[in-house]
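Undergrad: The following block contains the structure, expressed as structure tokens.
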Amino acid sequence: MNMPVHSAIIQASVSAEGLLLSADEPLLALQRETGGDLGERLAIPQLAAVARLAIRLGIIVSRPVVAASDQCDIDMWVRARPDGKAVHLSVIDWQERPIPLLRNNSSLLEADLAAVSDGWSWQVDTQLRFQMVLEGGDPDGVLPLQPPVPGNPFSSYFQLQPDEDGDMAILRGFTQRRAFRNQLACLTADPAKRFHLSGFPLFDLTGQLLGYRGKAFALDLAVPVPEIAAPAVLDPLAFGKRLDRSLRQPLGRIIANADTISAQLEGPLRPDYAGYAQDIASAGRHLMALVDDLADLQAIDRPDFTVVSEAIDLADVGRRAAGLLSVKALDRQISIMAPATEQHVPANGEFRRVLQILVNLIGNAIRYGPEGSVVRVETEQEDGQSRIFVTDQGPGIATEDRERIFEKFERLGRDDQGGSGLGLYISRRLARAMGGDIRIEGEAGQGACFILRLPLDQAVEADISV
Ligand code: ADP
């Protein structure tokens, strides 16, 4: 099928108040079709949200956007650059997709197709916690004996399973904020109960994601279906392999290609194209980190999750984590003060997991600390415990948020593309699995201080003290 594509870059500018100041033709036409005009509020919610974000954060924001016109859906990649009191929008890759037949006479969104399928309904918020469940009107719509409890996590109720191609429709849907269909899942409490899940994202008028709503259709177990005869619960290793195939590999290719383009290895390029390639690579890296987090989440949320207990040197792990993040720190002119090389602090824990926690804590300190500031990584040993402190000079964390930020998907209202809200949840779970913990100190407004505590390894301590 030939899809209309605008190869030129479409430019527009939006005032700090959200008024469309200028726009190239296809965008202006869409604004008029949506009921707006030049000089009026930008009437395409997702575009308005990107513009607002760029103004608020004062940085370039770039992301994929889907807009709906009367005749088609439009996929585009938008880059918003704050420019004084306005924001400059550049749209590349404007691709018009015809509306599926079912929509011809109605304004149903693509996502609504999922909603008309049979089964019972569920709705989750942005933290993927159930908000409501509803019986459907037909026999397939009967709720399971133990229906989801509002407030409980989606991931602890359903165990997700890949399809025969190793694909996870729901992961693709969530990462792209798109509708998904035919995601296999079983109940964690009763793996014999299997479902096809479909769902679509809910946005508010400003384009902000509110959550997902969808259907769960019970699969008829009386009819043998080969692919659903697979083991009910996927072990984490197999889950990781499937993720590799369905998401990591294509993402890896996208990142590698975008890096090649932005480094201009294949020849010189217009500077703005090189910039877009950089944006694509960084969006790809963000998605890759999210995939890693989701794989970790699946593993650590299992009751049989364990860590290895080995003798480590917390100061050494701190130095390595700081080293791994030195380029990221340099990008923001931040200096990391790592423990001195002669410093050794024995502890007990799994080396790679402790490194993962520290990379996350130091990464956050760099991300949320101001440009040109200092991140300090310090160690301490006391009362049979070893501690490592990561202190930044950012806004800190209000006392009332200090427990909340360890919850799954909690980002304290942030909606930038920088993170998933899973890092601290995973880090604390890992620390606790190693017999330690993470807590926060520091005066609110004076920088955050995260403390990772681990049990002290007596044998190593004796070695070092000799
Ligand atoms: P992510 O950074 O991916 O959003 P995390 O779980 O690592 O997820 O952190 C959760 C939230 O906690 C962040 O979105 C941010 O609002 C807050 N946060 C974490 N570290 C810091 C820090 N060093 N300074 C200020 N806020 C922080």
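Going by the structure tokens order, chains are called A, B, ..., each with residues numbered from 1, while ligands are numbered from 1 in the order shown.
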Quick one: everything within 9 Å of Asp163 in chain A, counting only C-alpha atoms, minus sequence neighbours fewer than 2 positions away in the same chain. Send it as a VMD selection string.

TA: chain A and resid 161 165 to 169 182 to 184 227 to 228

Undergrad: What's around Leu452 in chain A at 6 Å? Count only C-alpha atoms, leave out sequence neighbours fewer than 3 positions away in its own chain, and write the answer as a list in words.

TA: Arg387, Ile388, Asp437 and Ile438 of chain A

Undergrad: Using all heavy atoms, can you export the residues from the last selection as a tab-separated table (two decimals), in the first residue's frame?

TA:
```tsv
chain	number	residue	atom	x	y	z
A	387	ARG	N	28.57	1.07	54.05
A	387	ARG	CA	27.64	2.01	53.40
A	387	ARG	C	28.36	2.77	52.30
A	387	ARG	O	29.55	3.06	52.41
A	387	ARG	CB	27.09	3.03	54.39
A	387	ARG	CG	26.25	2.40	55.46
A	387	ARG	CD	25.58	3.46	56.32
A	387	ARG	NE	25.00	2.81	57.47
A	387	ARG	CZ	25.67	2.50	58.57
A	387	ARG	NH1	26.94	2.82	58.68
A	387	ARG	NH2	25.08	1.88	59.56
A	388	ILE	N	27.59	3.08	51.26
A	388	ILE	CA	28.12	3.97	50.22
A	388	ILE	C	27.09	5.06	49.99
A	388	ILE	O	25.89	4.77	49.88
A	388	ILE	CB	28.53	3.18	48.95
A	388	ILE	CG1	29.21	4.09	47.94
A	388	ILE	CG2	27.38	2.43	48.32
A	388	ILE	CD1	30.11	3.34	46.96
A	437	ASP	N	19.89	-2.40	52.24
A	437	ASP	CA	18.73	-1.52	51.93
A	437	ASP	C	19.25	-0.21	51.32
A	437	ASP	O	20.46	0.05	51.34
A	437	ASP	CB	17.94	-1.22	53.21
A	437	ASP	CG	16.48	-0.87	52.87
A	437	ASP	OD1	16.17	-0.73	51.68
A	437	ASP	OD2	15.68	-0.75	53.81
A	438	ILE	N	18.32	0.58	50.84
A	438	ILE	CA	18.67	1.92	50.36
A	438	ILE	C	17.76	2.91	51.07
A	438	ILE	O	16.56	2.66	51.19
A	438	ILE	CB	18.42	2.08	48.84
A	438	ILE	CG1	19.24	1.05	48.08
A	438	ILE	CG2	18.75	3.49	48.37
A	438	ILE	CD1	19.03	1.11	46.57
```

Undergrad: Between range 257-335 of chain A and range 49-65 of chain A, at 10 Å or less, what are the per-residue closest atom pairs and their distances in Å? Count only C-alpha atoms, order by chain and rising residue number, and return it as a Markdown table.

TA:
```
| residue | atom | partner | partner_atom | distance |
| --- | --- | --- | --- | --- |
| A:Tyr276 | CA | A:Ser62 | CA | 8.6 |
| A:Asp279 | CA | A:Ser62 | CA | 6.7 |
| A:Ile280 | CA | A:Arg63 | CA | 8.4 |
| A:Ser282 | CA | A:Ser62 | CA | 9.7 |
| A:Ala283 | CA | A:Arg63 | CA | 7.5 |
```

Undergrad: Residues within 10 Å of Pro153 in chain A, please, as a VMD selection string. Count only C-alpha atoms; anything in the same chain fewer than 3 positions from it doesn't count.

TA: chain A and resid 124 to 125 127 to 131 148 to 150 156 to 158 408

Undergrad: So that I can check the surroundings of Gln381 in chain A, please list as a ChimeraX atom specification every protein, DNA and RNA residue that reaches within 12 Å of it, counting only C-alpha atoms and ignoring chain neighbours fewer than 3 positions away.

TA: /A:313-315,343-347,378,384-389,452-458,461

Undergrad: Kindly work out which residues sit at most 9 Å from ligand 1, using only C-alpha atoms and all ligand atoms, and give the list as a VMD selection string.

TA: chain A and resid 290 360 to 369 390 to 397 401 to 402 404 to 427 447 to 450

Undergrad: Those residues you just picked out, can you put them in a file as a short mmCIF file (atom, residue, chain, number, x, y, z; two decimals), in the first residue's frame with N, CA and C atoms?

TA:
```
data_model
loop_
_atom_site.label_atom_id
_atom_site.label_comp_id
_atom_site.auth_asym_id
_atom_site.auth_seq_id
_atom_site.Cartn_x
_atom_site.Cartn_y
_atom_site.Cartn_z
N LEU A 290 14.63 0.74 29.07
CA LEU A 290 13.30 0.35 29.57
C LEU A 290 13.11 -1.16 29.42
N ASN A 360 22.76 3.15 38.79
CA ASN A 360 21.45 3.81 38.82
C ASN A 360 21.47 5.05 39.72
N LEU A 361 22.04 4.92 40.93
CA LEU A 361 22.05 6.05 41.87
C LEU A 361 22.90 7.21 41.34
N ILE A 362 24.08 6.87 40.82
CA ILE A 362 24.96 7.94 40.31
C ILE A 362 24.35 8.53 39.03
N GLY A 363 23.75 7.66 38.21
CA GLY A 363 23.08 8.13 36.97
C GLY A 363 21.98 9.12 37.32
N ASN A 364 21.19 8.82 38.34
CA ASN A 364 20.13 9.75 38.77
C ASN A 364 20.73 11.06 39.26
N ALA A 365 21.82 10.94 40.04
CA ALA A 365 22.46 12.16 40.59
C ALA A 365 22.91 13.06 39.45
N ILE A 366 23.42 12.45 38.36
CA ILE A 366 23.86 13.25 37.21
C ILE A 366 22.65 13.83 36.49
N ARG A 367 21.62 13.00 36.35
CA ARG A 367 20.45 13.43 35.59
C ARG A 367 19.69 14.54 36.32
N TYR A 368 19.55 14.41 37.64
CA TYR A 368 18.73 15.36 38.37
C TYR A 368 19.54 16.48 39.04
N GLY A 369 20.87 16.39 38.98
CA GLY A 369 21.71 17.45 39.53
C GLY A 369 21.88 18.56 38.49
N VAL A 390 25.71 8.39 47.85
CA VAL A 390 25.76 9.12 46.58
C VAL A 390 25.02 10.44 46.81
N THR A 391 25.76 11.53 46.80
CA THR A 391 25.18 12.83 47.14
C THR A 391 25.28 13.77 45.96
N ASP A 392 24.18 14.44 45.63
CA ASP A 392 24.23 15.40 44.52
C ASP A 392 23.88 16.80 45.01
N GLN A 393 23.88 17.76 44.09
CA GLN A 393 23.57 19.14 44.47
C GLN A 393 22.27 19.60 43.80
N GLY A 394 21.41 18.62 43.49
CA GLY A 394 20.13 18.94 42.84
C GLY A 394 19.08 19.39 43.85
N PRO A 395 17.81 19.32 43.45
CA PRO A 395 16.73 19.83 44.31
C PRO A 395 16.46 18.94 45.52
N GLY A 396 17.03 17.74 45.56
CA GLY A 396 16.78 16.84 46.68
C GLY A 396 15.39 16.22 46.58
N ILE A 397 15.03 15.48 47.60
CA ILE A 397 13.74 14.79 47.58
C ILE A 397 12.98 15.13 48.86
N ASP A 401 8.18 12.36 50.03
CA ASP A 401 8.31 11.53 48.81
C ASP A 401 9.35 10.43 48.98
N ARG A 402 10.01 10.37 50.13
CA ARG A 402 11.20 9.52 50.24
C ARG A 402 10.90 8.02 50.22
N ARG A 404 7.84 6.97 48.63
CA ARG A 404 7.07 6.85 47.39
C ARG A 404 7.96 6.61 46.17
N ILE A 405 9.14 7.25 46.14
CA ILE A 405 9.95 7.15 44.91
C ILE A 405 10.52 5.75 44.70
N PHE A 406 10.39 4.89 45.72
CA PHE A 406 10.85 3.51 45.54
C PHE A 406 9.75 2.62 44.95
N GLU A 407 8.59 3.21 44.68
CA GLU A 407 7.50 2.41 44.11
C GLU A 407 7.69 2.28 42.60
N LYS A 408 7.11 1.17 42.07
CA LYS A 408 7.21 0.91 40.64
C LYS A 408 6.64 2.07 39.82
N PHE A 409 7.34 2.53 38.82
CA PHE A 409 6.90 3.54 37.85
C PHE A 409 6.70 4.93 38.47
N GLU A 410 7.08 5.11 39.75
CA GLU A 410 6.90 6.43 40.36
C GLU A 410 7.98 7.39 39.85
N ARG A 411 7.57 8.53 39.28
CA ARG A 411 8.54 9.50 38.77
C ARG A 411 8.28 10.89 39.35
N LEU A 412 7.47 10.97 40.38
CA LEU A 412 7.14 12.23 41.02
C LEU A 412 6.64 13.27 40.02
N GLY A 413 5.80 12.81 39.13
CA GLY A 413 5.17 13.74 38.18
C GLY A 413 6.01 14.09 36.98
N ARG A 414 7.23 13.55 36.89
CA ARG A 414 8.06 13.88 35.72
C ARG A 414 7.49 13.18 34.49
N ASP A 415 7.52 13.88 33.34
CA ASP A 415 7.06 13.19 32.14
C ASP A 415 8.08 13.34 31.00
N ASP A 416 9.35 13.62 31.37
CA ASP A 416 10.39 13.66 30.35
C ASP A 416 10.72 12.23 29.94
N GLN A 417 11.47 12.12 28.85
CA GLN A 417 11.75 10.78 28.33
C GLN A 417 12.93 10.12 29.03
N GLY A 418 13.49 10.83 30.03
CA GLY A 418 14.74 10.35 30.61
C GLY A 418 14.67 9.04 31.34
N GLY A 419 13.54 8.66 31.90
CA GLY A 419 13.54 7.46 32.74
C GLY A 419 12.21 6.75 32.74
N SER A 420 12.20 5.61 33.46
CA SER A 420 11.00 4.78 33.47
C SER A 420 10.35 4.74 34.84
N GLY A 421 11.04 5.26 35.86
CA GLY A 421 10.49 5.17 37.21
C GLY A 421 10.67 3.77 37.80
N LEU A 422 11.52 2.97 37.18
CA LEU A 422 11.72 1.61 37.70
C LEU A 422 13.05 1.45 38.42
N GLY A 423 13.99 2.37 38.15
CA GLY A 423 15.36 2.21 38.65
C GLY A 423 15.44 2.03 40.15
N LEU A 424 14.78 2.91 40.90
CA LEU A 424 14.89 2.84 42.36
C LEU A 424 14.13 1.64 42.91
N TYR A 425 13.01 1.30 42.28
CA TYR A 425 12.26 0.11 42.72
C TYR A 425 13.16 -1.12 42.60
N ILE A 426 13.79 -1.26 41.43
CA ILE A 426 14.65 -2.42 41.19
C ILE A 426 15.85 -2.37 42.14
N SER A 427 16.44 -1.18 42.29
CA SER A 427 17.63 -1.07 43.14
C SER A 427 17.33 -1.48 44.58
N GLY A 447 19.99 19.00 47.82
CA GLY A 447 20.62 17.86 47.16
C GLY A 447 20.17 16.56 47.80
N ALA A 448 20.14 15.53 46.97
CA ALA A 448 19.70 14.23 47.48
C ALA A 448 20.91 13.44 47.95
N CYS A 449 20.72 12.64 49.00
CA CYS A 449 21.80 11.76 49.45
C CYS A 449 21.21 10.36 49.58
N PHE A 450 21.59 9.46 48.66
CA PHE A 450 21.11 8.08 48.69
C PHE A 450 22.19 7.23 49.38
#
```

Undergrad: Please determine, counting only C-alpha atoms, which residue among A:Gln71, A:Arg352, A:Leu294, A:Asn257 has the shortest atom-to-atom distance to Arg172 in chain A.

TA: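 Among the listed residues, A:Leu294 lies closest to Arg172 in chain A.
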
Undergrad: Going by DSSP on the backbone, which bits of range 251-439 of chain A are alpha helix (DSSP H)? Write them as a PyMOL selection string, please.

TA: chain A and resi 251-262+271-300+314-324+326-331+351-368+423-433

Undergrad: So which residues touch range 16-30 of chain A within 7 Å, counting only C-alpha atoms, skipping near sequence neighbours fewer than 4 positions away, as a PyMOL selection string?

TA: chain A and resi 10-12+34+38-42+48+55+69+85-86

Undergrad: Determine, counting only C-alpha atoms, which protein, DNA and RNA residues have an atom within 12 Å of an atom of Lys328 in chain A; residues of the same chain fewer than 2 positions away are not included. Present the result as a PDB file with C-alpha atoms, in the first residue's frame.

TA:
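New file out34.pdb:
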```pdb
ATOM      1  CA  ALA A 321      30.326   2.849  38.567  1.00  0.00           C
ATOM      2  CA  ALA A 322      31.690   6.418  38.582  1.00  0.00           C
ATOM      3  CA  GLY A 323      34.055   5.464  35.743  1.00  0.00           C
ATOM      4  CA  LEU A 324      31.208   4.003  33.687  1.00  0.00           C
ATOM      5  CA  LEU A 325      29.268   7.248  34.001  1.00  0.00           C
ATOM      6  CA  SER A 326      32.117   9.670  33.436  1.00  0.00           C
ATOM      7  CA  LEU A 330      31.047  15.207  31.252  1.00  0.00           C
ATOM      8  CA  ASP A 331      28.098  15.902  28.941  1.00  0.00           C
ATOM      9  CA  ARG A 332      26.575  17.945  31.750  1.00  0.00           C
ATOM     10  CA  GLN A 333      29.910  19.319  33.061  1.00  0.00           C
ATOM     11  CA  ILE A 334      29.347  17.415  36.289  1.00  0.00           C
ATOM     12  CA  SER A 335      32.318  16.066  38.202  1.00  0.00           C
ATOM     13  CA  ILE A 336      32.073  12.846  40.158  1.00  0.00           C
ATOM     14  CA  VAL A 359      25.118   3.053  38.255  1.00  0.00           C
ATOM     15  CA  ILE A 362      24.958   7.939  40.311  1.00  0.00           C
ATOM     16  CA  GLY A 363      23.081   8.125  36.974  1.00  0.00           C
ATOM     17  CA  ASN A 364      20.131   9.747  38.770  1.00  0.00           C
ATOM     18  CA  ALA A 365      22.461  12.156  40.590  1.00  0.00           C
ATOM     19  CA  ILE A 366      23.865  13.245  37.208  1.00  0.00           C
ATOM     20  CA  ARG A 367      20.447  13.431  35.589  1.00  0.00           C
ATOM     21  CA  GLU A 371      24.881  21.338  35.175  1.00  0.00           C
TER      22      GLU A 371
END
```

Undergrad: Find the spatial neighbours of Ala67 in chain A, counting only C-alpha atoms, within a cut-off of 12 Å - ignore same-chain residues fewer than 5 positions away - and output them as a PyMOL selection string.

TA: chain A and resi 27+30-31+33-34+43-48+72-78+94-97+99+109-110+178+207

Undergrad: If you keep C-alpha atoms, can you produce a file of those selected residues as a PDB file, in the first residue's frame?

TA:
```pdb
ATOM      1  CA  LEU A  27       0.521  20.958   9.899  1.00  0.00           C
ATOM      2  CA  LEU A  30      -4.331  19.648  10.438  1.00  0.00           C
ATOM      3  CA  GLN A  31      -4.627  22.522  12.944  1.00  0.00           C
ATOM      4  CA  GLU A  33      -9.201  20.587  10.571  1.00  0.00           C
ATOM      5  CA  THR A  34      -8.990  20.162  14.338  1.00  0.00           C
ATOM      6  CA  ALA A  43      -5.191  21.981  18.774  1.00  0.00           C
ATOM      7  CA  ILE A  44      -3.206  18.747  18.282  1.00  0.00           C
ATOM      8  CA  PRO A  45      -2.851  17.565  21.886  1.00  0.00           C
ATOM      9  CA  GLN A  46       0.242  15.376  21.510  1.00  0.00           C
ATOM     10  CA  LEU A  47       2.136  18.123  19.659  1.00  0.00           C
ATOM     11  CA  ALA A  48       1.051  20.690  22.235  1.00  0.00           C
ATOM     12  CA  CYS A  72      -6.094   9.174   8.253  1.00  0.00           C
ATOM     13  CA  ASP A  73      -3.789   8.645  11.195  1.00  0.00           C
ATOM     14  CA  ILE A  74      -0.496  10.513  10.942  1.00  0.00           C
ATOM     15  CA  ASP A  75       2.733   9.107  12.351  1.00  0.00           C
ATOM     16  CA  MET A  76       5.454  11.701  12.774  1.00  0.00           C
ATOM     17  CA  TRP A  77       8.675  12.351  14.600  1.00  0.00           C
ATOM     18  CA  VAL A  78       8.666  15.728  16.331  1.00  0.00           C
ATOM     19  CA  TRP A  94       5.211  12.626   8.406  1.00  0.00           C
ATOM     20  CA  GLN A  95       3.470   9.423   7.320  1.00  0.00           C
ATOM     21  CA  GLU A  96      -0.241   9.184   6.690  1.00  0.00           C
ATOM     22  CA  ARG A  97      -1.886   5.861   7.378  1.00  0.00           C
ATOM     23  CA  ILE A  99      -8.008   4.574   8.577  1.00  0.00           C
ATOM     24  CA  LEU A 109      -9.824   5.574  17.188  1.00  0.00           C
ATOM     25  CA  GLU A 110      -7.687   2.627  16.117  1.00  0.00           C
ATOM     26  CA  ARG A 178       0.012   2.522  21.245  1.00  0.00           C
ATOM     27  CA  GLY A 207      -1.868  14.564  25.530  1.00  0.00           C
TER      28      GLY A 207
END
```

Undergrad: Hey, can you check how far CA of Ser90 in chain A sits from CA of Gly252 in chain A?

TA: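 For CA of Ser90 in chain A relative to CA of Gly252 in chain A, the distance reads 25.4 Å.
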
Undergrad: Which residue gives the smallest distance to Gln123 in chain A among A:Asn152, A:Gln264, A:Thr379, A:Thr399, with only C-alpha atoms counted?

TA: A:Asn152

Undergrad: Name the residues of range 187-363 of chain A that come out as strand (DSSP E or B) in a backbone DSSP run; write them as number ranges by chain.

TA: A: 187, 194-203, 209-218, 310-313, 335-337, 346-349

Undergrad: Choose the residue, out of A:Gly214, A:Pro201, A:Gly284, A:Gly436, that has the smallest atom-to-atom separation from Asn348 in chain A; count only C-alpha atoms.

TA: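 Going through A:Gly214, A:Pro201, A:Gly284, A:Gly436 one by one, the smallest distance to Asn348 in chain A is for A:Gly436.
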
Undergrad: Just how far from CA of Trp122 in chain A is CA of Gly141 in chain A, in Å to one decimal?

TA: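 Distance reported for this atom pair: 11.1 Å.
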
Undergrad: Can you measure CA of Leu134 in chain A to CA of Pro191 in chain A for me? One decimal in Å is fine.

TA: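 Taking CA of Leu134 in chain A as the start and CA of Pro191 in chain A as the end point, the length is 21.3 Å.
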